[in-house]
Amino acid sequence: MKTKSFFAAAVAVLGLVATSAASAHAKLESSAPLANATVSPAPSQVRLQFSEQLELPFSKVKLIDEKGAVVEPSKTALDDANPKVLVATIPTLHSGAWRVQWSTVTRDGHKVKGQFDFRVK
């Protein structure tokens, strides 16, 4: 009887572990510029590194200045060396506060989005 109970408990624990791993979503691990950083000179790219591989056709980045003006990247691509890194080439930014808004879909089909701020000195 104890063997059956142990087996049932082991199966339940494995099921919980598998479910939590399967429901995990990609996370933004790092960015350049860093969130809340003050940079000088203005960056020519925004680099976003995620915990999972990305689907480029479903990945977007835009920057918004403190007056609400939107700046779109001239090019968005995955880093050739790392498909977890999204690179947005941007025009020259004026000094002031900027917000980066991003959204992407990972290889497992999950959509994630977020934002962070930085300043150009």
# chains A, B, ... in the order shown; residues from 1 in each chain; ligands from 1
>>> select_by_dssp(residues="chain A", states="helix (DSSP H, G or I)", output="PyMOL selection string")
chain A and resi 2-22
>>> write_last_selection(atoms="N, CA, C and O atoms", output="compact mmCIF listing (two decimals), in the first residue's frame")
# COMPACT_ATOMS: atom_id res chain seq x y z
N LYS A 2 1.95 1.25 0.78
CA LYS A 2 2.82 2.41 0.84
C LYS A 2 3.48 2.67 -0.51
O LYS A 2 3.70 3.82 -0.87
N THR A 3 3.78 1.63 -1.26
CA THR A 3 4.40 1.79 -2.57
C THR A 3 3.46 2.53 -3.52
O THR A 3 3.87 3.42 -4.25
N LYS A 4 2.17 2.18 -3.50
CA LYS A 4 1.19 2.86 -4.36
C LYS A 4 1.07 4.34 -3.99
O LYS A 4 0.98 5.19 -4.86
N SER A 5 1.05 4.65 -2.71
CA SER A 5 0.94 6.04 -2.26
C SER A 5 2.17 6.84 -2.67
O SER A 5 2.07 7.98 -3.13
N PHE A 6 3.34 6.24 -2.52
CA PHE A 6 4.58 6.91 -2.91
C PHE A 6 4.59 7.17 -4.41
O PHE A 6 4.92 8.26 -4.87
N PHE A 7 4.17 6.17 -5.20
CA PHE A 7 4.14 6.31 -6.65
C PHE A 7 3.17 7.41 -7.06
O PHE A 7 3.47 8.24 -7.92
N ALA A 8 1.99 7.44 -6.44
CA ALA A 8 1.00 8.47 -6.76
C ALA A 8 1.52 9.86 -6.42
O ALA A 8 1.34 10.81 -7.18
N ALA A 9 2.19 9.98 -5.29
CA ALA A 9 2.75 11.27 -4.90
C ALA A 9 3.85 11.71 -5.86
O ALA A 9 3.93 12.88 -6.25
N ALA A 10 4.69 10.77 -6.29
CA ALA A 10 5.77 11.08 -7.23
C ALA A 10 5.20 11.55 -8.56
O ALA A 10 5.69 12.51 -9.16
N VAL A 11 4.16 10.89 -9.04
CA VAL A 11 3.53 11.28 -10.30
C VAL A 11 2.93 12.69 -10.17
O VAL A 11 3.05 13.51 -11.08
N ALA A 12 2.29 12.98 -9.06
CA ALA A 12 1.70 14.30 -8.84
C ALA A 12 2.76 15.39 -8.83
O ALA A 12 2.59 16.46 -9.44
N VAL A 13 3.88 15.15 -8.17
CA VAL A 13 4.96 16.13 -8.12
C VAL A 13 5.54 16.36 -9.51
O VAL A 13 5.76 17.49 -9.93
N LEU A 14 5.77 15.29 -10.25
CA LEU A 14 6.30 15.43 -11.61
C LEU A 14 5.33 16.20 -12.50
O LEU A 14 5.74 17.01 -13.32
N GLY A 15 4.04 15.98 -12.32
CA GLY A 15 3.04 16.72 -13.08
C GLY A 15 3.08 18.20 -12.78
O GLY A 15 2.99 19.03 -13.68
N LEU A 16 3.24 18.56 -11.53
CA LEU A 16 3.32 19.97 -11.15
C LEU A 16 4.57 20.63 -11.73
O LEU A 16 4.53 21.75 -12.22
N VAL A 17 5.69 19.93 -11.68
CA VAL A 17 6.93 20.46 -12.22
C VAL A 17 6.81 20.66 -13.72
O VAL A 17 7.19 21.70 -14.26
N ALA A 18 6.27 19.69 -14.42
CA ALA A 18 6.12 19.80 -15.88
C ALA A 18 5.17 20.93 -16.24
O ALA A 18 5.41 21.67 -17.19
N THR A 19 4.08 21.08 -15.50
CA THR A 19 3.12 22.16 -15.78
C THR A 19 3.74 23.53 -15.57
O THR A 19 3.58 24.42 -16.38
N SER A 20 4.50 23.72 -14.50
CA SER A 20 5.10 25.03 -14.24
C SER A 20 6.17 25.35 -15.27
O SER A 20 6.31 26.49 -15.69
N ALA A 21 6.91 24.36 -15.74
CA ALA A 21 7.92 24.61 -16.77
C ALA A 21 7.27 24.93 -18.10
O ALA A 21 7.73 25.80 -18.83
N ALA A 22 6.18 24.27 -18.42
CA ALA A 22 5.51 24.50 -19.70
C ALA A 22 4.83 25.86 -19.74
O ALA A 22 4.67 26.44 -20.80
>>> residues_around(residues="Trp98 (chain A)", least_positions_apart="6", cutoff="7 Å", atoms="only C-alpha atoms", output="list in words")
Leu63, Ile64, Asp65, Glu66, Asp117, Phe118 and Arg119 of chain A
>>> closest_residue(among="A:His25, A:Lys67, A:His94, A:Lys84", to="Gly109 (chain A)", atoms="only C-alpha atoms")
A:His25
>>> closest_residue(among="A:Thr76, A:Thr38, A:Gln115, A:Gln45", to="Phe58 (chain A)", atoms="only C-alpha atoms")
A:Thr76
>>> atom_distance(atom1="CA of Arg47 (chain A)", atom2="CA of Glu29 (chain A)")
10.8 Å
>>> residues_around(residues="Ala32 (chain A)", least_positions_apart="2", cutoff="12 Å", atoms="only C-alpha atoms", output="list in words")
Leu28, Glu29, Ser30, Leu34, Ala35, Asn36, Ala37, Thr38, Val39, Ala42, Pro43, Ser44, Gln45, Val46, Arg47, Leu48, Gln49, Val85, Leu86, Val87, Ala88, Thr89, Val100, Phe116, Asp117 and Phe118 of chain A
>>> atom_distance(atom1="CA of Thr92 (chain A)", atom2="CA of Phe50 (chain A)")
24.7 Å
>>> select_by_dssp(residues="region 43-113 of chain A", states="strand (DSSP E)", output="PyMOL selection string")
chain A and resi 45-50+54-65+70-71+75-79+82-89+96-106+111-113
